[in-house]
Structures are given as C-alpha cells and as structure tokens.
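File shown here: run-v9.cif, holding mmCIF, C-alpha atoms.
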```
data_run
loop_
_atom_site.label_atom_id
_atom_site.label_comp_id
_atom_site.auth_asym_id
_atom_site.auth_seq_id
_atom_site.Cartn_x
_atom_site.Cartn_y
_atom_site.Cartn_z
CA MET A 299 0.00 0.00 0.00
CA LYS A 300 2.82 2.40 0.90
CA LYS A 301 4.51 1.71 -2.44
CA LYS A 302 1.29 2.44 -4.33
CA LEU A 303 0.74 5.69 -2.44
CA ARG A 304 4.35 6.69 -3.04
CA LYS A 305 3.98 6.00 -6.75
CA ILE A 306 0.80 8.07 -6.91
CA ARG A 307 2.57 10.95 -5.11
CA TYR A 308 5.50 10.70 -7.52
CA LEU A 309 3.14 10.80 -10.51
CA ILE A 310 1.32 13.85 -9.15
CA GLU A 311 4.64 15.63 -8.52
CA TYR A 312 5.80 14.72 -12.01
CA SER A 313 2.57 15.94 -13.61
CA VAL A 314 2.97 19.33 -11.94
CA ILE A 315 6.63 19.59 -12.95
CA ILE A 316 6.01 18.51 -16.55
CA PHE A 317 3.25 21.10 -16.85
CA PHE A 318 5.61 23.82 -15.68
CA PHE A 319 8.40 22.46 -17.90
CA TYR A 320 6.45 22.98 -21.11
CA THR A 321 4.80 26.17 -19.88
CA ILE A 322 8.20 27.68 -19.07
CA ARG A 323 9.48 27.04 -22.58
CA CYS A 324 6.62 29.04 -24.08
CA PHE A 325 7.45 32.34 -22.32
CA PRO A 326 10.27 34.87 -22.89
CA LEU A 327 13.15 34.43 -20.47
CA ASN A 328 12.94 37.94 -18.98
CA VAL A 329 9.29 37.39 -18.07
CA LEU A 330 10.13 34.09 -16.40
CA LEU A 331 12.96 35.60 -14.39
CA PHE A 332 10.61 38.29 -13.12
CA PHE A 333 8.21 35.62 -11.86
CA ALA A 334 11.17 33.68 -10.41
CA GLU A 335 11.92 36.65 -8.19
CA ILE A 336 8.33 36.63 -6.94
CA ILE A 337 8.53 32.88 -6.26
CA GLY A 338 11.83 33.35 -4.42
CA THR A 339 10.29 36.06 -2.27
CA ILE A 340 7.39 33.74 -1.43
CA LEU A 341 9.90 31.04 -0.44
CA TYR A 342 11.59 33.57 1.82
CA LEU A 343 8.29 34.10 3.64
CA ILE A 344 8.24 30.40 4.62
CA PRO A 345 9.63 30.43 8.20
CA SER A 346 11.62 27.18 7.96
CA PHE A 347 13.33 28.25 4.72
CA ARG A 348 14.15 31.70 6.02
CA LYS A 349 15.45 30.36 9.33
CA LEU A 350 17.77 27.84 7.62
CA CYS A 351 19.23 30.39 5.20
CA ILE A 352 19.79 32.99 7.90
CA ALA A 353 21.50 30.46 10.20
CA ASN A 354 23.90 29.44 7.43
CA ILE A 355 24.69 32.99 6.36
CA LYS A 356 25.45 33.97 9.95
CA ILE A 357 28.18 31.33 10.05
CA ALA A 358 29.79 32.57 6.86
CA PHE A 359 29.33 36.28 7.51
CA PRO A 360 29.20 36.98 11.26
CA GLU A 361 30.24 40.57 10.59
CA LYS A 362 27.11 41.42 8.57
CA THR A 363 24.06 43.07 10.07
CA TYR A 364 20.79 41.18 10.43
CA CYS A 365 19.29 43.36 7.69
CA GLU A 366 22.12 42.44 5.30
CA ILE A 367 21.78 38.76 6.14
CA ARG A 368 18.04 38.78 5.46
CA LYS A 369 18.62 40.44 2.09
CA ILE A 370 21.20 37.80 1.13
CA ALA A 371 18.75 35.06 2.16
CA ARG A 372 15.94 36.51 0.04
CA LEU A 373 18.15 36.97 -3.02
CA SER A 374 19.55 33.47 -2.60
CA LEU A 375 16.07 31.96 -2.70
CA GLN A 376 15.30 34.01 -5.80
CA ASN A 377 18.49 32.62 -7.33
CA ILE A 378 17.29 29.05 -6.71
CA SER A 379 14.01 29.79 -8.50
CA LYS A 380 15.87 31.28 -11.46
CA THR A 381 18.23 28.31 -11.66
CA VAL A 382 15.39 25.77 -11.96
CA ILE A 383 13.56 27.82 -14.57
CA GLU A 384 16.72 28.41 -16.60
CA LEU A 385 17.64 24.71 -16.62
CA PHE A 386 14.37 23.93 -18.38
CA TRP A 387 14.34 27.04 -20.58
CA PHE A 388 17.91 26.67 -21.89
CA SER A 389 17.56 22.94 -22.56
CA GLY A 390 18.46 22.61 -26.25
CA ARG A 391 19.21 26.34 -26.52
CA GLN A 392 22.94 26.38 -25.78
CA SER A 393 23.72 28.58 -28.77
CA TYR A 394 21.53 31.32 -27.36
CA LEU A 395 23.17 30.98 -23.95
CA TYR A 396 26.57 31.35 -25.61
CA SER A 397 25.42 34.46 -27.50
CA ILE A 398 24.31 36.31 -24.35
CA MET A 399 27.19 35.24 -22.12
CA LYS A 400 29.47 38.14 -21.16
CA ASN A 401 32.65 36.03 -21.49
CA PRO A 402 31.49 32.88 -23.30
CA ASP A 403 34.96 31.44 -23.94
CA GLU A 404 36.13 31.52 -20.32
CA GLY A 405 37.68 28.16 -19.44
CA VAL A 406 37.56 26.83 -23.01
CA GLU A 407 41.30 26.76 -23.70
CA LEU A 408 42.00 25.18 -20.31
CA THR A 409 39.43 22.48 -21.07
CA ARG A 410 40.85 21.71 -24.52
CA LYS A 411 44.43 21.64 -23.24
CA SER A 412 43.54 19.40 -20.30
CA MET A 413 41.58 16.98 -22.46
CA LYS A 414 44.61 16.52 -24.71
CA GLU A 415 46.73 15.81 -21.63
CA GLY A 416 44.42 13.15 -20.19
CA GLY A 417 41.18 14.70 -19.01
CA MET A 418 39.41 17.59 -17.31
CA ILE A 419 37.20 17.83 -14.23
CA TRP A 420 35.30 21.06 -13.62
CA ILE A 421 34.27 21.46 -9.99
CA SER A 422 31.32 23.79 -9.45
CA PRO A 423 29.81 25.09 -6.21
CA HIS A 424 26.07 25.66 -5.91
CA ILE A 425 26.44 29.29 -6.92
CA GLY A 426 24.90 31.39 -9.69
CA ASN A 427 23.46 28.90 -12.16
CA TRP A 428 25.64 25.83 -11.79
CA GLU A 429 23.52 24.02 -14.38
CA LEU A 430 24.41 26.44 -17.18
CA ALA A 431 28.17 26.41 -16.61
CA ALA A 432 28.87 23.01 -18.18
CA PHE A 433 26.35 23.71 -20.96
CA ASN A 434 28.28 26.79 -22.02
CA ILE A 435 31.78 25.29 -21.83
CA SER A 436 30.59 22.23 -23.73
CA PHE A 437 29.10 24.37 -26.50
CA ALA A 438 32.07 26.74 -26.69
CA ALA A 439 34.73 24.01 -26.62
CA LYS A 440 32.74 21.69 -28.89
CA LEU A 441 33.21 18.91 -26.35
CA PRO A 442 30.53 16.82 -24.61
CA PHE A 443 30.44 16.71 -20.82
CA ALA A 444 29.33 14.19 -18.22
CA VAL A 445 27.89 15.44 -14.94
CA LEU A 446 28.24 13.43 -11.73
CA VAL A 447 25.01 13.64 -9.72
CA ARG A 448 22.90 12.08 -7.01
CA PRO A 449 19.61 10.72 -8.39
CA GLN A 450 16.32 12.30 -7.34
CA ASN A 451 13.99 10.25 -5.12
CA ASN A 452 11.18 10.70 -7.63
CA PRO A 453 12.18 8.56 -10.65
CA TYR A 454 9.92 10.47 -13.05
CA ILE A 455 11.35 13.86 -12.11
CA ASN A 456 14.80 12.30 -12.18
CA THR A 457 14.25 11.28 -15.81
CA LEU A 458 13.03 14.76 -16.73
CA ILE A 459 16.11 16.43 -15.21
CA VAL A 460 18.43 13.91 -16.83
CA ASN A 461 16.84 14.58 -20.22
CA SER A 462 17.33 18.34 -19.73
CA ARG A 463 20.99 17.85 -18.80
CA THR A 464 21.65 15.51 -21.74
CA SER A 465 19.71 17.47 -24.36
CA SER A 466 22.82 18.18 -26.46
CA GLY A 467 24.59 14.84 -26.39
CA ASN A 468 25.93 15.15 -22.86
CA LYS A 469 25.80 12.45 -20.20
CA VAL A 470 24.76 11.90 -16.58
CA ILE A 471 26.77 9.64 -14.25
CA PHE A 472 25.15 8.59 -10.99
CA GLU A 473 27.28 8.31 -7.86
CA LYS A 474 26.86 4.56 -7.40
CA GLY A 475 29.58 2.83 -9.41
CA ALA A 476 30.76 6.18 -10.70
CA VAL A 477 34.53 5.55 -10.85
CA LYS A 478 34.43 2.96 -13.63
CA GLU A 479 31.93 5.02 -15.57
CA MET A 480 34.07 8.16 -15.19
CA ILE A 481 37.09 6.36 -16.63
CA LYS A 482 35.08 5.13 -19.62
CA THR A 483 33.60 8.58 -20.15
CA LEU A 484 36.96 10.37 -20.12
CA LYS A 485 38.34 7.89 -22.64
CA LYS A 486 35.40 8.69 -24.93
CA GLY A 487 36.34 12.39 -24.95
CA TYR A 488 33.94 13.81 -22.36
CA PHE A 489 35.02 16.24 -19.67
CA LEU A 490 33.50 15.86 -16.21
CA ALA A 491 31.37 18.37 -14.26
CA VAL A 492 30.92 17.82 -10.53
CA LEU A 493 29.15 19.65 -7.71
CA ILE A 494 31.42 19.55 -4.67
CA ASP A 495 29.76 21.33 -1.74
CA GLN A 496 27.50 18.55 -0.47
CA ASN A 497 27.60 16.41 2.67
CA THR A 498 29.11 12.96 2.29
CA ARG A 499 29.30 10.58 5.23
CA VAL A 500 32.71 9.13 6.04
CA ARG A 501 31.42 5.61 5.43
CA ASP A 502 30.54 6.74 1.89
CA GLY A 503 33.94 8.26 1.19
CA GLY A 504 33.66 11.64 2.90
CA ILE A 505 36.37 13.51 4.77
CA PHE A 506 36.05 16.51 7.07
CA VAL A 507 37.52 19.77 5.74
CA ASN A 508 37.04 23.37 6.84
CA PHE A 509 34.42 25.57 5.22
CA PHE A 510 33.96 29.06 6.66
CA GLY A 511 35.80 27.98 9.79
CA LEU A 512 33.77 24.85 10.56
CA PRO A 513 34.43 21.23 9.53
CA VAL A 514 32.10 19.77 6.91
CA PRO A 515 32.11 16.22 5.43
CA THR A 516 32.96 16.39 1.74
CA SER A 517 33.46 13.65 -0.83
CA ARG A 518 37.06 12.67 -1.51
CA ALA A 519 36.12 10.66 -4.62
CA ILE A 520 37.02 13.30 -7.19
CA ALA A 521 40.35 14.09 -5.51
CA PHE A 522 41.21 10.39 -5.33
CA PHE A 523 40.21 9.86 -8.96
CA ALA A 524 42.07 12.92 -10.27
CA ARG A 525 45.29 12.08 -8.40
CA LYS A 526 45.21 8.46 -9.53
CA MET A 527 44.34 9.22 -13.17
CA LYS A 528 46.42 12.44 -13.31
CA VAL A 529 43.43 14.44 -14.51
CA ASN A 530 43.35 18.23 -14.25
CA ILE A 531 40.87 19.94 -11.88
CA ALA A 532 39.63 23.53 -11.87
CA LEU A 533 36.82 25.42 -10.16
CA GLY A 534 34.31 27.01 -12.48
CA GLY A 535 30.74 28.16 -12.82
CA CYS A 536 28.22 30.60 -14.22
CA LEU A 537 27.32 33.76 -12.30
CA ARG A 538 24.51 36.21 -12.80
CA ASP A 539 25.55 39.60 -14.10
CA VAL A 540 23.66 42.86 -14.38
CA LYS A 541 23.53 42.29 -18.13
CA GLY A 542 22.95 38.54 -18.02
CA TYR A 543 25.53 35.87 -17.24
CA LYS A 544 29.27 35.49 -16.93
CA MET A 545 31.57 32.52 -16.52
CA PHE A 546 34.34 32.19 -13.95
CA SER A 547 37.23 29.75 -13.72
CA LYS A 548 39.95 29.29 -11.12
CA GLU A 549 42.83 26.83 -11.34
CA LEU A 550 44.14 25.02 -8.28
CA PRO A 551 47.14 26.58 -6.48
CA LYS A 552 49.26 23.67 -7.74
CA LYS A 553 49.05 20.71 -10.09
CA VAL A 554 46.97 17.72 -9.07
CA ILE A 555 50.02 15.42 -9.07
CA ASP A 556 51.72 17.69 -6.50
CA TYR A 557 49.07 17.04 -3.84
CA LYS A 558 50.21 14.45 -1.31
CA THR A 559 46.74 13.60 0.04
CA ASP A 560 43.11 13.75 -1.03
CA GLU A 561 42.32 15.87 2.01
CA GLU A 562 44.83 18.53 0.99
CA LEU A 563 43.31 18.75 -2.48
CA VAL A 564 39.72 18.85 -1.24
CA GLN A 565 40.62 21.54 1.30
CA ASP A 566 42.01 23.76 -1.47
CA ILE A 567 38.83 23.26 -3.48
CA MET A 568 36.71 24.27 -0.50
CA LYS A 569 38.91 27.31 0.15
CA MET A 570 38.43 28.41 -3.48
CA THR A 571 34.68 27.80 -3.09
CA GLU A 572 34.66 29.93 0.04
CA ASP A 573 36.43 32.76 -1.82
CA ILE A 574 33.88 32.87 -4.64
CA VAL A 575 30.98 32.67 -2.17
CA ARG A 576 32.40 35.69 -0.31
CA GLU A 577 32.27 37.63 -3.58
CA TYR A 578 28.73 36.61 -4.50
CA PRO A 579 26.94 35.51 -1.30
CA GLU A 580 23.49 36.34 -2.67
CA GLN A 581 23.98 33.76 -5.44
CA TYR A 582 24.96 30.85 -3.20
CA LEU A 583 22.66 28.00 -2.16
CA TRP A 584 22.09 28.68 1.53
CA LEU A 585 18.99 26.47 1.62
CA TYR A 586 21.03 23.39 2.47
CA LYS A 587 22.15 21.93 5.80
CA ARG A 588 25.85 22.15 5.02
CA TRP A 589 26.89 22.15 8.67
CA GLN A 590 24.60 19.28 9.64
CA TYR A 591 27.24 16.99 11.15
CA ILE A 592 29.37 17.75 14.19
CA PRO A 593 32.52 15.60 13.96
CA GLU A 594 33.41 13.06 16.60
CA GLY A 595 35.58 14.49 19.38
CA ALA A 596 34.62 18.13 18.73
CA SER A 597 35.33 20.43 21.67
CA SER A 598 32.50 22.24 23.43
CA GLU A 599 33.80 25.52 21.97
CA LEU A 600 33.64 24.13 18.43
CA ARG A 601 30.22 22.56 19.00
CA SER A 602 28.80 25.91 20.09
CA LYS A 603 29.61 27.40 16.67
CA PHE A 604 27.40 24.99 14.75
CA PRO A 605 23.83 26.04 13.75
CA TYR A 606 20.58 24.90 15.35
CA TYR A 607 20.00 21.99 12.94
CA SER A 608 23.39 20.31 13.52
CA SER A 609 23.68 16.95 15.26
CA ASP A 610 26.45 14.70 16.56
CA THR A 611 27.80 12.05 14.26
CA THR A 612 27.17 8.43 15.28
CA PRO A 613 29.18 5.25 14.59
CA ARG A 614 26.91 4.70 11.58
CA PHE A 615 28.28 7.89 10.06
CA TYR A 616 31.79 6.43 9.96
CA ASP A 617 31.44 2.71 9.60
CA LYS A 618 29.38 0.54 7.22
CA THR A 619 29.46 -2.35 9.64
CA ALA A 620 27.88 -0.19 12.32
CA LYS A 621 25.14 0.68 9.84
CA LYS A 622 24.31 -2.99 9.28
CA ASN A 623 24.24 -3.79 12.97
CA ALA A 624 22.15 -0.74 13.93
#
```
Just give me the structure of the file as structure tokens.
Amino acid sequence: MKKKLRKIRYLIEYSVIIFFFYTIRCFPLNVLLFFAEIIGTILYLIPSFRKLCIANIKIAFPEKTYCEIRKIARLSLQNISKTVIELFWFSGRQSYLYSIMKNPDEGVELTRKSMKEGGMIWISPHIGNWELAAFNISFAAKLPFAVLVRPQNNPYINTLIVNSRTSSGNKVIFEKGAVKEMIKTLKKGYFLAVLIDQNTRVRDGGIFVNFFGLPVPTSRAIAFFARKMKVNIALGGCLRDVKGYKMFSKELPKKVIDYKTDEELVQDIMKMTEDIVREYPEQYLWLYKRWQYIPEGASSELRSKFPYYSSDTTPRFYDKTAKKNA
C-alpha cells in the first residue's frame, strides 16, 4: 500500500513539474525571471526556509548586520528559482546561452588543453546557475560533458532532469559505481562536471575539511580519482551579471600530481569555493544543511559554533558495519 501511495505521489509531482516544464518554454526568459523573483520572495516568507538560510549565512558572515543577512537570504532563494527555470528554458538552446554570455569562452582553452593531456574535471559550487556552466563550456569548446550527480527520489522527475541535462549529447553519471563510468567517459572524450559542496558521510567516502571555519564532510572521490588518473581539476561556474551571465574559472594553487593527500586537495577546493561565495553571497545556495554533522571528538567551543540543525555524528556515520548492525 505504501509503495502504491508513493507512486501516486511521484506521478502527481511529475505531472505538476512537466506542466511547468512545457509552460516555461513558451514564455520569454525575462518574463520568467521576473516571476522567479516573486517565487523566491514567497519562499523567503516560509519560516523554515528563512530560518535555515539565515543560520547558514550567519556562520559565513558573522560581521554582517541582520538586515544584510536577510537580504542575502531573500536573493539566494530568488536565485534558486531562477536556476530551476533556466535549466528547463535553456535545454536545447545552448547557442543562445553562448550568445548572451558576457565572457562565453572563459575556461575553453584550459578544457581543450587538459583533455589533450588526459582529461578535465570542472568542480562547481552551488552558486549562480551551476547548471548552465557546463552547458556553455561544452558548446564553446565543442566537447561533450558528463555530470556526476545524485539521483532524485522521484524517478519520473529524475528522468526529466536527466533529459534536460543531456539534451545536447551530454551524459549523466550517478554516484553509485561512478569511478568505472568516469574512466570510460573520459576515454570517450567527455570532460567531467561535478558539484562539490554537499555532505558525504565518512562511510561513503567523505572527509572533514574546513568551510567558513567549521568542519564539513565532503566527498574525496574526485580528488582520489584525479590524483590516480592524473586528470586536471579547476573550479568554475556561471554567475549572474547585471547584463545577463558570466563565466568564472579558477585553477588550483598547484598541479593535481603535486598534492600528497586527497584531504589537501579537497581543502584547497573548498577554500576556493569559500572565496567565490564571499564575492557573490546572494547567489549561493544557503537552503542546504551544510553544517549538519558535528565531527566526533569536537570540543565544546567548536560545537557551540554549529547552527541549530546540527547533530552529533554516530558510529553509523563512519562505519558501514555499524550501519548494518544498527
């Protein structure tokens, strides 16, 4: 019975999304972005959303006034609305995206050079429109990309998003069994696009690194893969500009092969992420429990710095055996 009810809920959710998908593609982009701002403002009025965003922003920017923090929260939620709408609207319209981009060829030469040398991984934070970044580089460099993602719980919506991401011959790689698939994909001439600022339990390959002064569990998979395969890594993305969009790209402080540990590499990536977020805080995804896990052995002073939603890690967080026996 529960499975049937879940399937019905998934179908209802999908029907709503598919309606908006085709409706969105019928309207001019500037009209849609105007409505996205209204939707984002409505989201800001939801107490739980507002509280989560404000708590996160306070950690990153303790020096800002409450008024400034609330403004960042509201603009961030508007940014989320715009990102979803743009993913659907730009699906199959990469040439138009390229034509309105302020610096459309940013990162192209680095991608081409790296692909000739063995491969390229673009790491993108959840900032600006992370969905459009790989679209633009792929179109400009004339190279297909593969994006590493976590699947959606709703299989119908998952298929819709996958189709949008692969609309121009690109590919989606799901996290489970990703390493083998990533190797095959690189050999076929794809570059990889990965979102890095998400929580990953230690038992699933996560390591704790600092982000805005607090430890967060982050996947080491890409660092491990890049070091082993000697593949280049850079941080990149698509930001909103007064006149539209602009790309950004930042190379690591040193070559991948010069990093002695995965943790060292991941920490540099998170430091670069932190730097770009400081420049454009209103475009970052604050509606996410990034500081959800308090590491084992944390001092009382450190624990006091975590937000209201944080919780202590348990043995299950670190060990797969503990998970089975729980």
Pick the closest to Arg372 in chain A from A:Val314, A:Val500, A:Ile494, A:Ala334: which is it, counting all atoms listed in the file?
A:Ala334
Between CA of Cys324 in chain A and CA of Glu429 in chain A, measure the distance and give it in Å to one decimal.
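That distance, rounded to one decimal, is 20.1 Å.
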Could the residues of range 546-595 of chain A that have an atom at most 6 Å from range 607-610 of chain A be listed as JSON lines, each with its closest atom pair and the distance in Å to one decimal, counting all atoms listed in the file and ordered by chain and ascending residue number?
```
{"residue": "A:Gln590", "atom": "CA", "partner": "A:Ser608", "partner_atom": "CA", "distance": 4.2}
{"residue": "A:Tyr591", "atom": "CA", "partner": "A:Ser609", "partner_atom": "CA", "distance": 5.4}
{"residue": "A:Ile592", "atom": "CA", "partner": "A:Asp610", "partner_atom": "CA", "distance": 4.8}
```
If you apply the PyMOL selection byres ((chain A and resi 409) around 10) to this file, what residues do you get, as an mmCIF file with C-alpha atoms, in the coordinates of the input?
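Output file out.cif is given in full below:
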```
data_model
loop_
_atom_site.group_PDB
_atom_site.id
_atom_site.type_symbol
_atom_site.label_atom_id
_atom_site.label_comp_id
_atom_site.auth_asym_id
_atom_site.auth_seq_id
_atom_site.Cartn_x
_atom_site.Cartn_y
_atom_site.Cartn_z
ATOM 1 C CA GLU A 404 36.130 31.520 -20.320
ATOM 2 C CA GLY A 405 37.680 28.160 -19.440
ATOM 3 C CA VAL A 406 37.560 26.830 -23.010
ATOM 4 C CA GLU A 407 41.300 26.760 -23.700
ATOM 5 C CA LEU A 408 42.000 25.180 -20.310
ATOM 6 C CA ARG A 410 40.850 21.710 -24.520
ATOM 7 C CA LYS A 411 44.430 21.640 -23.240
ATOM 8 C CA SER A 412 43.540 19.400 -20.300
ATOM 9 C CA MET A 413 41.580 16.980 -22.460
ATOM 10 C CA LYS A 414 44.610 16.520 -24.710
ATOM 11 C CA GLU A 415 46.730 15.810 -21.630
ATOM 12 C CA GLY A 417 41.180 14.700 -19.010
ATOM 13 C CA MET A 418 39.410 17.590 -17.310
ATOM 14 C CA ILE A 419 37.200 17.830 -14.230
ATOM 15 C CA TRP A 420 35.300 21.060 -13.620
ATOM 16 C CA ILE A 435 31.780 25.290 -21.830
ATOM 17 C CA SER A 436 30.590 22.230 -23.730
ATOM 18 C CA ALA A 439 34.730 24.010 -26.620
ATOM 19 C CA LEU A 441 33.210 18.910 -26.350
ATOM 20 C CA PHE A 489 35.020 16.240 -19.670
ATOM 21 C CA ASN A 530 43.350 18.230 -14.250
ATOM 22 C CA ILE A 531 40.870 19.940 -11.880
ATOM 23 C CA ALA A 532 39.630 23.530 -11.870
#
```
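Coordinates place CA of Val477 in chain A at a distance of 25.7 Å from CA of Pro513 in chain A.
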Interatomic distance (Å, one decimal) between CA of Pro326 in chain A and CA of Lys380 in chain A:
13.2 Å
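With distances taken over all atoms listed in the file, A:Leu484 is the one residue among A:Ile337, A:Leu375, A:Leu484, A:Leu490 lying closest to Gly416 in chain A.
Counting only C-alpha atoms, the residue from A:Pro551, A:Gly338, A:Gly534, A:Pro613 that sits nearest to Asn427 in chain A is A:Gly534.
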